[in-house]
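Presented below is the structure to which this report refers.
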Amino acid sequence: MAGTKAVITAGPTREAIDPVRFITNRSSGKQGYAVATALRDLGADVTLISGPVALPAPAGVTRVEVETAEQMLAATLQSAAGADLLVAAAAVADYRMTDVAAHKIKKHSDTLSLALQRNPDILATVRAAQPGLFMVGFAAETERLAEHARDKLARKHLNLIAANQVGAGLAFDVDTNALQVFWADGQQAIAQGSKQAVAQQLAELIAHHYLKATPAA
Ligand code: CTP
């Protein structure tokens, strides 16, 4: 993958509720960081767009740290503009506050409703800007994994999608993972293993498909 510019998104995003609270999710960033490291090991020039995580930047990888989905979108659009490959491993918050409270919200009543609005879809926005970019998405599913993953592959115009089964003790915030990878006319399982081992196999599969789709690369 020498000479290939790869952009990886990883980790959760964090959406402020008020000055002291936020909405986020259980993503640790470990799988995305491991994919960034594995693509670096294959010779790619890697930029990692990272939400807030407790992980050091992998050596030799350019890390851009962001907090919100909107910041992740802006950083990804900018980095992807000159790139060959995008792997979206981030667990982007689907919604953010319609209006972030300027002051700490006080507990005046027994119930509290927050008005939320949809965040932009990073993959969809990048795809619209760069129709020719080789794009890999992730899908976290609790049921009907193949059906949902294939639907996302088509809907988001992805080249590959790596799907994992999530739920209690699976994938999120643990050190092991297993993936089912789908593309237009095929699929491959990556067996349960450390996130590093899974990432190496995924990086090899990405490289194989990327080089096949980009004969001049
Ligand atoms: N993604 C993105 N921008 C978003 C949300 C998700 O780029 N605002 C990317 C993720 O990084 C991942 C893929 O899209 O690669 C996941 O697709 P999505 O449809 O959001 O998956 P889920 O969150 O699993 O969707 P849902 O539960 O709504 O089916």
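Quick note on naming: the chains in the structure tokens go A, B, ... in the order shown, residues restart at 1 in each chain, and ligands are numbered from 1 in order of appearance.
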
With region 204-214 of chain A as the partner and 12 Å as the cut-off, tabulate the residues of region 30-137 of chain A that qualify, each row holding the nearest pair of atoms and their distance in Å to one decimal, using only C-alpha atoms, sorted by chain and rising number, as a Markdown table.
```
| residue | atom | partner | partner_atom | distance |
| --- | --- | --- | --- | --- |
| A:Val35 | CA | A:Glu204 | CA | 10.1 |
| A:Ala36 | CA | A:Ile206 | CA | 11.8 |
| A:Ala38 | CA | A:Glu204 | CA | 8.4 |
| A:Leu39 | CA | A:Glu204 | CA | 8.2 |
| A:Arg40 | CA | A:Glu204 | CA | 11.4 |
| A:Asp41 | CA | A:Glu204 | CA | 10.3 |
| A:Leu42 | CA | A:Glu204 | CA | 8.0 |
| A:Gly43 | CA | A:Ala207 | CA | 10.4 |
| A:Ala44 | CA | A:Ala207 | CA | 9.6 |
| A:Asp84 | CA | A:Tyr210 | CA | 9.0 |
| A:Leu85 | CA | A:Tyr210 | CA | 7.9 |
| A:Leu86 | CA | A:Ile206 | CA | 10.3 |
| A:Val87 | CA | A:Ile206 | CA | 9.2 |
| A:Gly132 | CA | A:Thr214 | CA | 10.1 |
| A:Leu133 | CA | A:Tyr210 | CA | 10.0 |
| A:Phe134 | CA | A:Tyr210 | CA | 6.7 |
| A:Met135 | CA | A:Tyr210 | CA | 9.1 |
| A:Val136 | CA | A:Ile206 | CA | 7.9 |
| A:Gly137 | CA | A:Ile206 | CA | 11.0 |
```

Could you turn the residues from that selection into a file that holds N, CA, C and O atoms, as a PDB file, in the first residue's frame?
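And here is the file that came out, out.pdb:
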```pdb
ATOM      1  N   VAL A  35      -6.947  -0.766  12.974  1.00  0.00           N
ATOM      2  CA  VAL A  35      -6.999  -0.737  11.499  1.00  0.00           C
ATOM      3  C   VAL A  35      -6.008   0.298  10.967  1.00  0.00           C
ATOM      4  O   VAL A  35      -5.283   0.043   9.998  1.00  0.00           O
ATOM      5  N   ALA A  36      -5.936   1.454  11.628  1.00  0.00           N
ATOM      6  CA  ALA A  36      -4.972   2.491  11.216  1.00  0.00           C
ATOM      7  C   ALA A  36      -3.543   1.942  11.308  1.00  0.00           C
ATOM      8  O   ALA A  36      -2.732   2.118  10.391  1.00  0.00           O
ATOM      9  N   ALA A  38      -2.613  -1.251  11.255  1.00  0.00           N
ATOM     10  CA  ALA A  38      -2.410  -2.336  10.280  1.00  0.00           C
ATOM     11  C   ALA A  38      -2.211  -1.774   8.873  1.00  0.00           C
ATOM     12  O   ALA A  38      -1.372  -2.277   8.112  1.00  0.00           O
ATOM     13  N   LEU A  39      -2.940  -0.714   8.515  1.00  0.00           N
ATOM     14  CA  LEU A  39      -2.745  -0.106   7.183  1.00  0.00           C
ATOM     15  C   LEU A  39      -1.381   0.581   7.113  1.00  0.00           C
ATOM     16  O   LEU A  39      -0.710   0.533   6.075  1.00  0.00           O
ATOM     17  N   ARG A  40      -0.966   1.203   8.208  1.00  0.00           N
ATOM     18  CA  ARG A  40       0.396   1.770   8.272  1.00  0.00           C
ATOM     19  C   ARG A  40       1.426   0.655   8.035  1.00  0.00           C
ATOM     20  O   ARG A  40       2.370   0.821   7.266  1.00  0.00           O
ATOM     21  N   ASP A  41       1.230  -0.490   8.687  1.00  0.00           N
ATOM     22  CA  ASP A  41       2.172  -1.606   8.542  1.00  0.00           C
ATOM     23  C   ASP A  41       2.221  -2.128   7.106  1.00  0.00           C
ATOM     24  O   ASP A  41       3.225  -2.702   6.691  1.00  0.00           O
ATOM     25  N   LEU A  42       1.125  -1.939   6.353  1.00  0.00           N
ATOM     26  CA  LEU A  42       1.130  -2.353   4.934  1.00  0.00           C
ATOM     27  C   LEU A  42       1.741  -1.273   4.038  1.00  0.00           C
ATOM     28  O   LEU A  42       1.783  -1.422   2.827  1.00  0.00           O
ATOM     29  N   GLY A  43       2.181  -0.168   4.661  1.00  0.00           N
ATOM     30  CA  GLY A  43       2.896   0.858   3.887  1.00  0.00           C
ATOM     31  C   GLY A  43       2.082   2.091   3.557  1.00  0.00           C
ATOM     32  O   GLY A  43       2.609   3.019   2.938  1.00  0.00           O
ATOM     33  N   ALA A  44       0.796   2.114   3.963  1.00  0.00           N
ATOM     34  CA  ALA A  44      -0.039   3.276   3.629  1.00  0.00           C
ATOM     35  C   ALA A  44       0.366   4.490   4.470  1.00  0.00           C
ATOM     36  O   ALA A  44       0.931   4.363   5.552  1.00  0.00           O
ATOM     37  N   ASP A  84      -6.894   8.379  -1.024  1.00  0.00           N
ATOM     38  CA  ASP A  84      -7.298   7.302  -1.931  1.00  0.00           C
ATOM     39  C   ASP A  84      -8.345   6.393  -1.298  1.00  0.00           C
ATOM     40  O   ASP A  84      -9.072   5.684  -2.000  1.00  0.00           O
ATOM     41  N   LEU A  85      -8.365   6.389   0.026  1.00  0.00           N
ATOM     42  CA  LEU A  85      -9.110   5.357   0.749  1.00  0.00           C
ATOM     43  C   LEU A  85      -9.644   5.922   2.055  1.00  0.00           C
ATOM     44  O   LEU A  85      -8.926   6.640   2.748  1.00  0.00           O
ATOM     45  N   LEU A  86     -10.902   5.630   2.380  1.00  0.00           N
ATOM     46  CA  LEU A  86     -11.479   6.060   3.672  1.00  0.00           C
ATOM     47  C   LEU A  86     -12.068   4.842   4.374  1.00  0.00           C
ATOM     48  O   LEU A  86     -12.841   4.097   3.791  1.00  0.00           O
ATOM     49  N   VAL A  87     -11.659   4.643   5.617  1.00  0.00           N
ATOM     50  CA  VAL A  87     -12.254   3.594   6.451  1.00  0.00           C
ATOM     51  C   VAL A  87     -12.967   4.282   7.609  1.00  0.00           C
ATOM     52  O   VAL A  87     -12.326   4.950   8.421  1.00  0.00           O
ATOM     53  N   GLY A 132     -15.411   8.860  -6.535  1.00  0.00           N
ATOM     54  CA  GLY A 132     -14.457   7.802  -6.885  1.00  0.00           C
ATOM     55  C   GLY A 132     -13.638   7.263  -5.722  1.00  0.00           C
ATOM     56  O   GLY A 132     -12.812   6.362  -5.911  1.00  0.00           O
ATOM     57  N   LEU A 133     -13.841   7.806  -4.518  1.00  0.00           N
ATOM     58  CA  LEU A 133     -13.030   7.375  -3.373  1.00  0.00           C
ATOM     59  C   LEU A 133     -13.374   5.935  -2.975  1.00  0.00           C
ATOM     60  O   LEU A 133     -14.544   5.568  -2.950  1.00  0.00           O
ATOM     61  N   PHE A 134     -12.354   5.127  -2.639  1.00  0.00           N
ATOM     62  CA  PHE A 134     -12.599   3.765  -2.156  1.00  0.00           C
ATOM     63  C   PHE A 134     -13.009   3.872  -0.688  1.00  0.00           C
ATOM     64  O   PHE A 134     -12.234   4.338   0.145  1.00  0.00           O
ATOM     65  N   MET A 135     -14.244   3.467  -0.371  1.00  0.00           N
ATOM     66  CA  MET A 135     -14.756   3.684   0.991  1.00  0.00           C
ATOM     67  C   MET A 135     -15.160   2.378   1.677  1.00  0.00           C
ATOM     68  O   MET A 135     -15.841   1.538   1.093  1.00  0.00           O
ATOM     69  N   VAL A 136     -14.734   2.273   2.932  1.00  0.00           N
ATOM     70  CA  VAL A 136     -15.050   1.099   3.755  1.00  0.00           C
ATOM     71  C   VAL A 136     -15.842   1.575   4.971  1.00  0.00           C
ATOM     72  O   VAL A 136     -15.392   2.465   5.690  1.00  0.00           O
ATOM     73  N   GLY A 137     -17.008   1.002   5.194  1.00  0.00           N
ATOM     74  CA  GLY A 137     -17.818   1.359   6.361  1.00  0.00           C
ATOM     75  C   GLY A 137     -17.841   0.232   7.369  1.00  0.00           C
ATOM     76  O   GLY A 137     -17.404  -0.890   7.084  1.00  0.00           O
TER      77      GLY A 137
END
```

Could you make a table, as a Markdown table, of the residues of chain A that have an atom within 7 Å of an atom of ligand 1, each with its nearest atom pair and distance in Å to one decimal, counting only C-alpha atoms and all ligand atoms, in chain and number order?
```
| residue | atom | partner | partner_atom_place_in_ligand_line | distance |
| --- | --- | --- | --- | --- |
| A:Thr9 | CA | ligand 1 | 11 (O) | 6.8 |
| A:Ala69 | CA | ligand 1 | 8 (N) | 6.7 |
| A:Ala88 | CA | ligand 1 | 11 (O) | 4.1 |
| A:Ala89 | CA | ligand 1 | 11 (O) | 4.7 |
| A:Ala90 | CA | ligand 1 | 11 (O) | 4.2 |
| A:Ala91 | CA | ligand 1 | 11 (O) | 5.4 |
| A:Val92 | CA | ligand 1 | 5 (C) | 4.8 |
| A:Ala93 | CA | ligand 1 | 8 (N) | 6.4 |
| A:Asp94 | CA | ligand 1 | 8 (N) | 5.4 |
| A:Asn119 | CA | ligand 1 | 8 (N) | 5.5 |
| A:Pro120 | CA | ligand 1 | 8 (N) | 5.1 |
| A:Asp121 | CA | ligand 1 | 8 (N) | 3.5 |
| A:Ile122 | CA | ligand 1 | 7 (O) | 3.6 |
| A:Leu123 | CA | ligand 1 | 7 (O) | 4.0 |
| A:Ala124 | CA | ligand 1 | 7 (O) | 6.8 |
| A:Val136 | CA | ligand 1 | 15 (O) | 6.9 |
| A:Gly137 | CA | ligand 1 | 15 (O) | 3.5 |
| A:Phe138 | CA | ligand 1 | 15 (O) | 3.8 |
| A:Ala139 | CA | ligand 1 | 16 (C) | 4.8 |
| A:Ala140 | CA | ligand 1 | 24 (O) | 4.5 |
| A:Glu141 | CA | ligand 1 | 24 (O) | 5.9 |
| A:Lys152 | CA | ligand 1 | 19 (O) | 6.2 |
```

Find the spatial neighbours of Thr98 (chain A), counting only C-alpha atoms, within a cut-off of 12 Å - ignore same-chain residues fewer than 2 positions away - and output them as an mmCIF file with all heavy atoms, in the first residue's frame.
```
data_model
loop_
_atom_site.group_PDB
_atom_site.id
_atom_site.type_symbol
_atom_site.label_atom_id
_atom_site.label_comp_id
_atom_site.auth_asym_id
_atom_site.auth_seq_id
_atom_site.Cartn_x
_atom_site.Cartn_y
_atom_site.Cartn_z
ATOM 1 N N GLU A 15 -21.242 14.874 22.060
ATOM 2 C CA GLU A 15 -22.142 15.982 21.727
ATOM 3 C C GLU A 15 -22.578 16.659 23.022
ATOM 4 O O GLU A 15 -23.218 16.023 23.868
ATOM 5 C CB GLU A 15 -23.366 15.447 20.970
ATOM 6 C CG GLU A 15 -23.052 14.449 19.843
ATOM 7 C CD GLU A 15 -22.297 15.063 18.670
ATOM 8 O OE1 GLU A 15 -22.442 16.279 18.439
ATOM 9 O OE2 GLU A 15 -21.559 14.310 17.987
ATOM 10 N N ALA A 16 -22.234 17.927 23.183
ATOM 11 C CA ALA A 16 -22.516 18.640 24.432
ATOM 12 C C ALA A 16 -24.015 18.782 24.674
ATOM 13 O O ALA A 16 -24.790 19.031 23.735
ATOM 14 C CB ALA A 16 -21.865 20.018 24.400
ATOM 15 N N ILE A 17 -24.417 18.619 25.934
ATOM 16 C CA ILE A 17 -25.796 18.915 26.374
ATOM 17 C C ILE A 17 -25.805 20.304 27.017
ATOM 18 O O ILE A 17 -26.645 21.137 26.716
ATOM 19 C CB ILE A 17 -26.292 17.852 27.376
ATOM 20 C CG1 ILE A 17 -26.398 16.492 26.704
ATOM 21 C CG2 ILE A 17 -27.637 18.279 27.997
ATOM 22 C CD1 ILE A 17 -26.701 15.346 27.648
ATOM 23 N N ASP A 18 -24.838 20.499 27.896
ATOM 24 C CA ASP A 18 -24.639 21.799 28.544
ATOM 25 C C ASP A 18 -23.146 21.886 28.844
ATOM 26 O O ASP A 18 -22.393 21.006 28.410
ATOM 27 C CB ASP A 18 -25.583 21.938 29.767
ATOM 28 C CG ASP A 18 -25.240 21.006 30.934
ATOM 29 O OD1 ASP A 18 -24.122 20.452 30.957
ATOM 30 O OD2 ASP A 18 -26.083 20.842 31.832
ATOM 31 N N TYR A 95 -27.350 11.799 16.810
ATOM 32 C CA TYR A 95 -28.054 13.056 17.105
ATOM 33 C C TYR A 95 -27.217 13.965 17.992
ATOM 34 O O TYR A 95 -26.376 13.497 18.757
ATOM 35 C CB TYR A 95 -29.375 12.761 17.845
ATOM 36 C CG TYR A 95 -30.380 12.035 16.994
ATOM 37 C CD1 TYR A 95 -30.383 10.635 16.940
ATOM 38 C CD2 TYR A 95 -31.308 12.730 16.241
ATOM 39 C CE1 TYR A 95 -31.294 9.956 16.141
ATOM 40 C CE2 TYR A 95 -32.233 12.063 15.445
ATOM 41 C CZ TYR A 95 -32.214 10.672 15.396
ATOM 42 O OH TYR A 95 -33.116 10.014 14.610
ATOM 43 N N ARG A 96 -27.449 15.252 17.884
ATOM 44 C CA ARG A 96 -26.850 16.238 18.785
ATOM 45 C C ARG A 96 -27.972 17.127 19.319
ATOM 46 O O ARG A 96 -29.094 17.115 18.777
ATOM 47 C CB ARG A 96 -25.811 17.092 18.049
ATOM 48 C CG ARG A 96 -26.402 18.000 16.988
ATOM 49 C CD ARG A 96 -25.348 18.895 16.344
ATOM 50 N NE ARG A 96 -25.923 19.778 15.346
ATOM 51 C CZ ARG A 96 -26.199 19.450 14.088
ATOM 52 N NH1 ARG A 96 -25.966 18.213 13.660
ATOM 53 N NH2 ARG A 96 -26.725 20.327 13.257
ATOM 54 N N VAL A 100 -27.493 23.699 22.414
ATOM 55 C CA VAL A 100 -26.702 23.352 23.606
ATOM 56 C C VAL A 100 -27.005 24.399 24.678
ATOM 57 O O VAL A 100 -26.981 25.604 24.386
ATOM 58 C CB VAL A 100 -25.193 23.337 23.268
ATOM 59 C CG1 VAL A 100 -24.359 23.057 24.517
ATOM 60 C CG2 VAL A 100 -24.903 22.314 22.174
ATOM 61 N N ALA A 101 -27.337 23.948 25.898
ATOM 62 C CA ALA A 101 -27.662 24.895 26.976
ATOM 63 C C ALA A 101 -26.422 25.704 27.342
ATOM 64 O O ALA A 101 -25.336 25.146 27.496
ATOM 65 C CB ALA A 101 -28.183 24.135 28.190
ATOM 66 N N SER A 113 -37.010 16.382 28.971
ATOM 67 C CA SER A 113 -36.890 15.978 27.567
ATOM 68 C C SER A 113 -35.858 16.863 26.887
ATOM 69 O O SER A 113 -35.841 18.078 27.098
ATOM 70 C CB SER A 113 -38.229 16.148 26.840
ATOM 71 O OG SER A 113 -39.195 15.308 27.426
ATOM 72 N N LEU A 114 -35.012 16.238 26.095
ATOM 73 C CA LEU A 114 -34.006 16.997 25.351
ATOM 74 C C LEU A 114 -34.397 16.962 23.881
ATOM 75 O O LEU A 114 -34.706 15.898 23.349
ATOM 76 C CB LEU A 114 -32.624 16.353 25.523
ATOM 77 C CG LEU A 114 -32.076 16.263 26.954
ATOM 78 C CD1 LEU A 114 -30.745 15.503 26.959
ATOM 79 C CD2 LEU A 114 -31.894 17.647 27.561
ATOM 80 N N ALA A 115 -34.362 18.100 23.227
ATOM 81 C CA ALA A 115 -34.642 18.140 21.785
ATOM 82 C C ALA A 115 -33.337 17.868 21.049
ATOM 83 O O ALA A 115 -32.330 18.551 21.258
ATOM 84 C CB ALA A 115 -35.212 19.498 21.401
ATOM 85 N N LEU A 116 -33.358 16.841 20.185
ATOM 86 C CA LEU A 116 -32.144 16.441 19.458
ATOM 87 C C LEU A 116 -32.377 16.570 17.964
ATOM 88 O O LEU A 116 -33.506 16.435 17.495
ATOM 89 C CB LEU A 116 -31.799 14.984 19.789
ATOM 90 C CG LEU A 116 -31.595 14.643 21.263
ATOM 91 C CD1 LEU A 116 -31.302 13.153 21.416
ATOM 92 C CD2 LEU A 116 -30.444 15.454 21.859
ATOM 93 N N GLN A 117 -31.315 16.797 17.245
ATOM 94 C CA GLN A 117 -31.443 16.791 15.787
ATOM 95 C C GLN A 117 -30.381 15.908 15.159
ATOM 96 O O GLN A 117 -29.317 15.695 15.742
ATOM 97 C CB GLN A 117 -31.424 18.207 15.229
ATOM 98 C CG GLN A 117 -30.081 18.836 15.040
ATOM 99 C CD GLN A 117 -30.240 20.220 14.451
ATOM 100 O OE1 GLN A 117 -30.879 21.097 15.037
ATOM 101 N NE2 GLN A 117 -29.656 20.434 13.290
ATOM 102 N N ARG A 118 -30.703 15.368 13.990
ATOM 103 C CA ARG A 118 -29.828 14.409 13.308
ATOM 104 C C ARG A 118 -28.483 15.036 12.976
ATOM 105 O O ARG A 118 -28.412 16.174 12.525
ATOM 106 C CB ARG A 118 -30.457 13.976 11.978
ATOM 107 C CG ARG A 118 -31.319 12.752 12.028
ATOM 108 C CD ARG A 118 -30.598 11.457 12.229
ATOM 109 N NE ARG A 118 -30.089 10.871 11.015
ATOM 110 C CZ ARG A 118 -30.829 10.199 10.150
ATOM 111 N NH1 ARG A 118 -32.119 10.025 10.349
ATOM 112 N NH2 ARG A 118 -30.283 9.664 9.073
ATOM 113 N N ASN A 119 -27.439 14.257 13.185
ATOM 114 C CA ASN A 119 -26.114 14.674 12.741
ATOM 115 C C ASN A 119 -25.939 14.333 11.268
ATOM 116 O O ASN A 119 -26.587 13.418 10.757
ATOM 117 C CB ASN A 119 -25.041 13.944 13.569
ATOM 118 C CG ASN A 119 -24.616 14.747 14.776
ATOM 119 O OD1 ASN A 119 -24.592 15.980 14.735
ATOM 120 N ND2 ASN A 119 -24.279 14.057 15.844
#
```

Quiz prompt | Who sits within 7 Å of region 59-65 of chain A, only C-alpha atoms, same chain under 2 positions skipped, as a ChimeraX atom specification | solution = /A:46-51,57

Quiz item: Any idea what's packed within 12 Å of Arg144 (chain A), counting only C-alpha atoms, ignoring anything in its chain fewer than 5 positions away? Could you give it as a list in words?
Solution: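 These residues fall inside the cut-off: Ala139, Ala149, Arg150, Asp151, Ala163, Asn164, Gln165 and Val166 of chain A.
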
Exercise. Apply DSSP to the backbone of this structure and, from region 10-179 of chain A, keep only the residues in helix (DSSP H, G or I); write these as a ChimeraX atom specification.
Key: /A:30-41,69-80,122-129,145-155

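Considering the residues A:Glu70, A:Lys30, A:Thr24, A:Gln180 and counting only C-alpha atoms, Ser194 (chain A) has its shortest atom-to-atom contact with A:Lys30.
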
Self-check item: From A:Thr13, A:Gln200, A:Thr37, A:Asn159, residue lying nearest Pro56 (chain A) [only C-alpha atoms]
Solution: A:Thr37

Practice problem: Report the residues of region 89-169 of chain A whose backbone DSSP state falls under strand (DSSP E), written as a ChimeraX atom specification. | Solution: /A:95-97,116-118,134-141,160-165

Limited to N, CA and C atoms, could you put the picked residues into a file as an mmCIF file, in the first residue's frame?
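For reference, result-v6.cif as written:
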```
data_model
loop_
_atom_site.group_PDB
_atom_site.id
_atom_site.type_symbol
_atom_site.label_atom_id
_atom_site.label_comp_id
_atom_site.auth_asym_id
_atom_site.auth_seq_id
_atom_site.Cartn_x
_atom_site.Cartn_y
_atom_site.Cartn_z
ATOM 1 N N TYR A 95 -27.350 11.799 16.810
ATOM 2 C CA TYR A 95 -28.054 13.056 17.105
ATOM 3 C C TYR A 95 -27.217 13.965 17.992
ATOM 4 N N ARG A 96 -27.449 15.252 17.884
ATOM 5 C CA ARG A 96 -26.850 16.238 18.785
ATOM 6 C C ARG A 96 -27.972 17.127 19.319
ATOM 7 N N MET A 97 -27.669 17.923 20.347
ATOM 8 C CA MET A 97 -28.669 18.839 20.902
ATOM 9 C C MET A 97 -29.068 19.870 19.833
ATOM 10 N N LEU A 116 -33.358 16.841 20.185
ATOM 11 C CA LEU A 116 -32.144 16.441 19.458
ATOM 12 C C LEU A 116 -32.377 16.570 17.964
ATOM 13 N N GLN A 117 -31.315 16.797 17.245
ATOM 14 C CA GLN A 117 -31.443 16.791 15.787
ATOM 15 C C GLN A 117 -30.381 15.908 15.159
ATOM 16 N N ARG A 118 -30.703 15.368 13.990
ATOM 17 C CA ARG A 118 -29.828 14.409 13.308
ATOM 18 C C ARG A 118 -28.483 15.036 12.976
ATOM 19 N N PHE A 134 -12.354 5.127 -2.639
ATOM 20 C CA PHE A 134 -12.599 3.765 -2.156
ATOM 21 C C PHE A 134 -13.009 3.872 -0.688
ATOM 22 N N MET A 135 -14.244 3.467 -0.371
ATOM 23 C CA MET A 135 -14.756 3.684 0.991
ATOM 24 C C MET A 135 -15.160 2.378 1.677
ATOM 25 N N VAL A 136 -14.734 2.273 2.932
ATOM 26 C CA VAL A 136 -15.050 1.099 3.755
ATOM 27 C C VAL A 136 -15.842 1.575 4.971
ATOM 28 N N GLY A 137 -17.008 1.002 5.194
ATOM 29 C CA GLY A 137 -17.818 1.359 6.361
ATOM 30 C C GLY A 137 -17.841 0.232 7.369
ATOM 31 N N PHE A 138 -18.336 0.535 8.536
ATOM 32 C CA PHE A 138 -18.575 -0.471 9.567
ATOM 33 C C PHE A 138 -20.070 -0.496 9.849
ATOM 34 N N ALA A 139 -20.564 -1.617 10.291
ATOM 35 C CA ALA A 139 -21.959 -1.715 10.705
ATOM 36 C C ALA A 139 -21.995 -2.500 12.005
ATOM 37 N N ALA A 140 -22.610 -1.924 13.003
ATOM 38 C CA ALA A 140 -22.767 -2.613 14.287
ATOM 39 C C ALA A 140 -24.215 -3.039 14.374
ATOM 40 N N GLU A 141 -24.437 -4.330 14.453
ATOM 41 C CA GLU A 141 -25.820 -4.823 14.397
ATOM 42 C C GLU A 141 -26.110 -5.769 15.560
ATOM 43 N N LEU A 160 -16.686 -1.705 0.562
ATOM 44 C CA LEU A 160 -16.700 -2.828 1.505
ATOM 45 C C LEU A 160 -17.421 -2.380 2.762
ATOM 46 N N ILE A 161 -18.019 -3.348 3.460
ATOM 47 C CA ILE A 161 -18.544 -3.038 4.793
ATOM 48 C C ILE A 161 -18.165 -4.161 5.753
ATOM 49 N N ALA A 162 -17.683 -3.766 6.915
ATOM 50 C CA ALA A 162 -17.268 -4.720 7.947
ATOM 51 C C ALA A 162 -18.332 -4.680 9.040
ATOM 52 N N ALA A 163 -19.026 -5.798 9.203
ATOM 53 C CA ALA A 163 -20.139 -5.813 10.149
ATOM 54 C C ALA A 163 -19.781 -6.618 11.378
ATOM 55 N N ASN A 164 -20.146 -6.094 12.526
ATOM 56 C CA ASN A 164 -19.998 -6.912 13.729
ATOM 57 C C ASN A 164 -21.272 -6.968 14.542
ATOM 58 N N GLN A 165 -21.370 -8.107 15.192
ATOM 59 C CA GLN A 165 -22.512 -8.359 16.064
ATOM 60 C C GLN A 165 -22.224 -7.612 17.362
#
```

Quiz item: Near Val198 (chain A), within 10 Å and counting only C-alpha atoms, which residues show up once chain neighbours fewer than 6 positions away are dropped, as an NGL selection string?
Solution: :A and (31 or 34-35 or 38 or 176-179 or 190-192)

Quiz prompt | Close residues, Gln78 (chain A) itself excluded, 12 Å, only C-alpha atoms, min 2 positions apart in chain, as a list in words | solution = Val7, Thr47, Ile49, Val64, Gln71, Met72, Leu73, Ala74, Ala75, Thr76, Ala80, Ala81, Gly82, Ala83, Leu86, Ile122, Thr125, Val126, Ala129 and Gln130 of chain A

Write the residues you've just listed into a file as a short mmCIF file (atom, residue, chain, number, x, y, z; two decimals), in the first residue's frame, and include N, CA, C and O atoms for each of them.
```
data_model
loop_
_atom_site.label_atom_id
_atom_site.label_comp_id
_atom_site.auth_asym_id
_atom_site.auth_seq_id
_atom_site.Cartn_x
_atom_site.Cartn_y
_atom_site.Cartn_z
N VAL A 7 -7.43 7.43 5.09
CA VAL A 7 -8.01 8.19 6.20
C VAL A 7 -8.89 7.22 6.99
O VAL A 7 -9.69 6.50 6.40
N THR A 47 -3.89 8.88 7.99
CA THR A 47 -4.40 9.95 8.85
C THR A 47 -5.56 9.38 9.65
O THR A 47 -6.47 8.77 9.09
N ILE A 49 -8.61 10.23 12.09
CA ILE A 49 -9.50 11.27 12.64
C ILE A 49 -10.18 10.64 13.84
O ILE A 49 -10.99 9.71 13.70
N VAL A 64 -5.68 13.46 13.98
CA VAL A 64 -6.44 14.71 14.11
C VAL A 64 -7.51 14.44 15.17
O VAL A 64 -8.34 13.54 14.99
N GLN A 71 -17.44 18.28 13.80
CA GLN A 71 -15.98 18.45 13.68
C GLN A 71 -15.36 17.26 12.95
O GLN A 71 -14.45 17.42 12.13
N MET A 72 -15.87 16.04 13.24
CA MET A 72 -15.33 14.85 12.56
C MET A 72 -15.61 14.93 11.07
O MET A 72 -14.76 14.60 10.23
N LEU A 73 -16.80 15.41 10.71
CA LEU A 73 -17.15 15.56 9.29
C LEU A 73 -16.20 16.54 8.61
O LEU A 73 -15.65 16.25 7.53
N ALA A 74 -15.98 17.70 9.23
CA ALA A 74 -15.12 18.72 8.61
C ALA A 74 -13.70 18.19 8.44
O ALA A 74 -13.09 18.34 7.37
N ALA A 75 -13.16 17.53 9.48
CA ALA A 75 -11.79 17.00 9.40
C ALA A 75 -11.69 15.89 8.36
O ALA A 75 -10.70 15.79 7.63
N THR A 76 -12.72 15.05 8.28
CA THR A 76 -12.69 13.93 7.34
C THR A 76 -12.79 14.44 5.90
O THR A 76 -12.05 13.98 5.02
N ALA A 80 -9.89 13.64 3.41
CA ALA A 80 -10.26 12.73 2.33
C ALA A 80 -10.07 13.36 0.95
O ALA A 80 -9.92 12.66 -0.04
N ALA A 81 -10.06 14.70 0.91
CA ALA A 81 -9.95 15.39 -0.39
C ALA A 81 -8.70 14.96 -1.15
O ALA A 81 -8.74 14.83 -2.37
N GLY A 82 -7.61 14.70 -0.44
CA GLY A 82 -6.39 14.29 -1.14
C GLY A 82 -6.09 12.81 -0.96
O GLY A 82 -4.97 12.37 -1.23
N ALA A 83 -7.08 12.03 -0.51
CA ALA A 83 -6.80 10.63 -0.15
C ALA A 83 -7.30 9.64 -1.19
O ALA A 83 -8.02 10.00 -2.12
N LEU A 86 -10.90 5.63 2.38
CA LEU A 86 -11.48 6.06 3.67
C LEU A 86 -12.07 4.84 4.37
O LEU A 86 -12.84 4.10 3.79
N ILE A 122 -21.32 11.17 7.79
CA ILE A 122 -19.98 11.47 7.27
C ILE A 122 -19.72 10.70 5.98
O ILE A 122 -19.28 11.28 4.98
N THR A 125 -21.73 12.20 3.09
CA THR A 125 -21.25 13.52 2.67
C THR A 125 -19.95 13.39 1.89
O THR A 125 -19.75 14.06 0.87
N VAL A 126 -19.04 12.53 2.37
CA VAL A 126 -17.77 12.33 1.66
C VAL A 126 -18.04 11.68 0.30
O VAL A 126 -17.44 12.05 -0.71
N ALA A 129 -19.05 14.19 -2.21
CA ALA A 129 -17.95 15.06 -2.62
C ALA A 129 -16.94 14.32 -3.48
O ALA A 129 -16.29 14.90 -4.35
N GLN A 130 -16.77 13.01 -3.22
CA GLN A 130 -15.75 12.23 -3.93
C GLN A 130 -16.31 10.89 -4.41
O GLN A 130 -16.06 9.84 -3.79
#
```

Quiz item: What gap, in Å, lies between CA of Thr111 (chain A) and CA of Ile23 (chain A)?
Solution: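 Those two atoms sit 17.4 Å apart.
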
Self-check item: Among listed residues A:Asp110, A:Ala189, A:Asp175, A:Arg127, nearest Ser28 (chain A) (using only C-alpha atoms)
Solution: A:Asp175
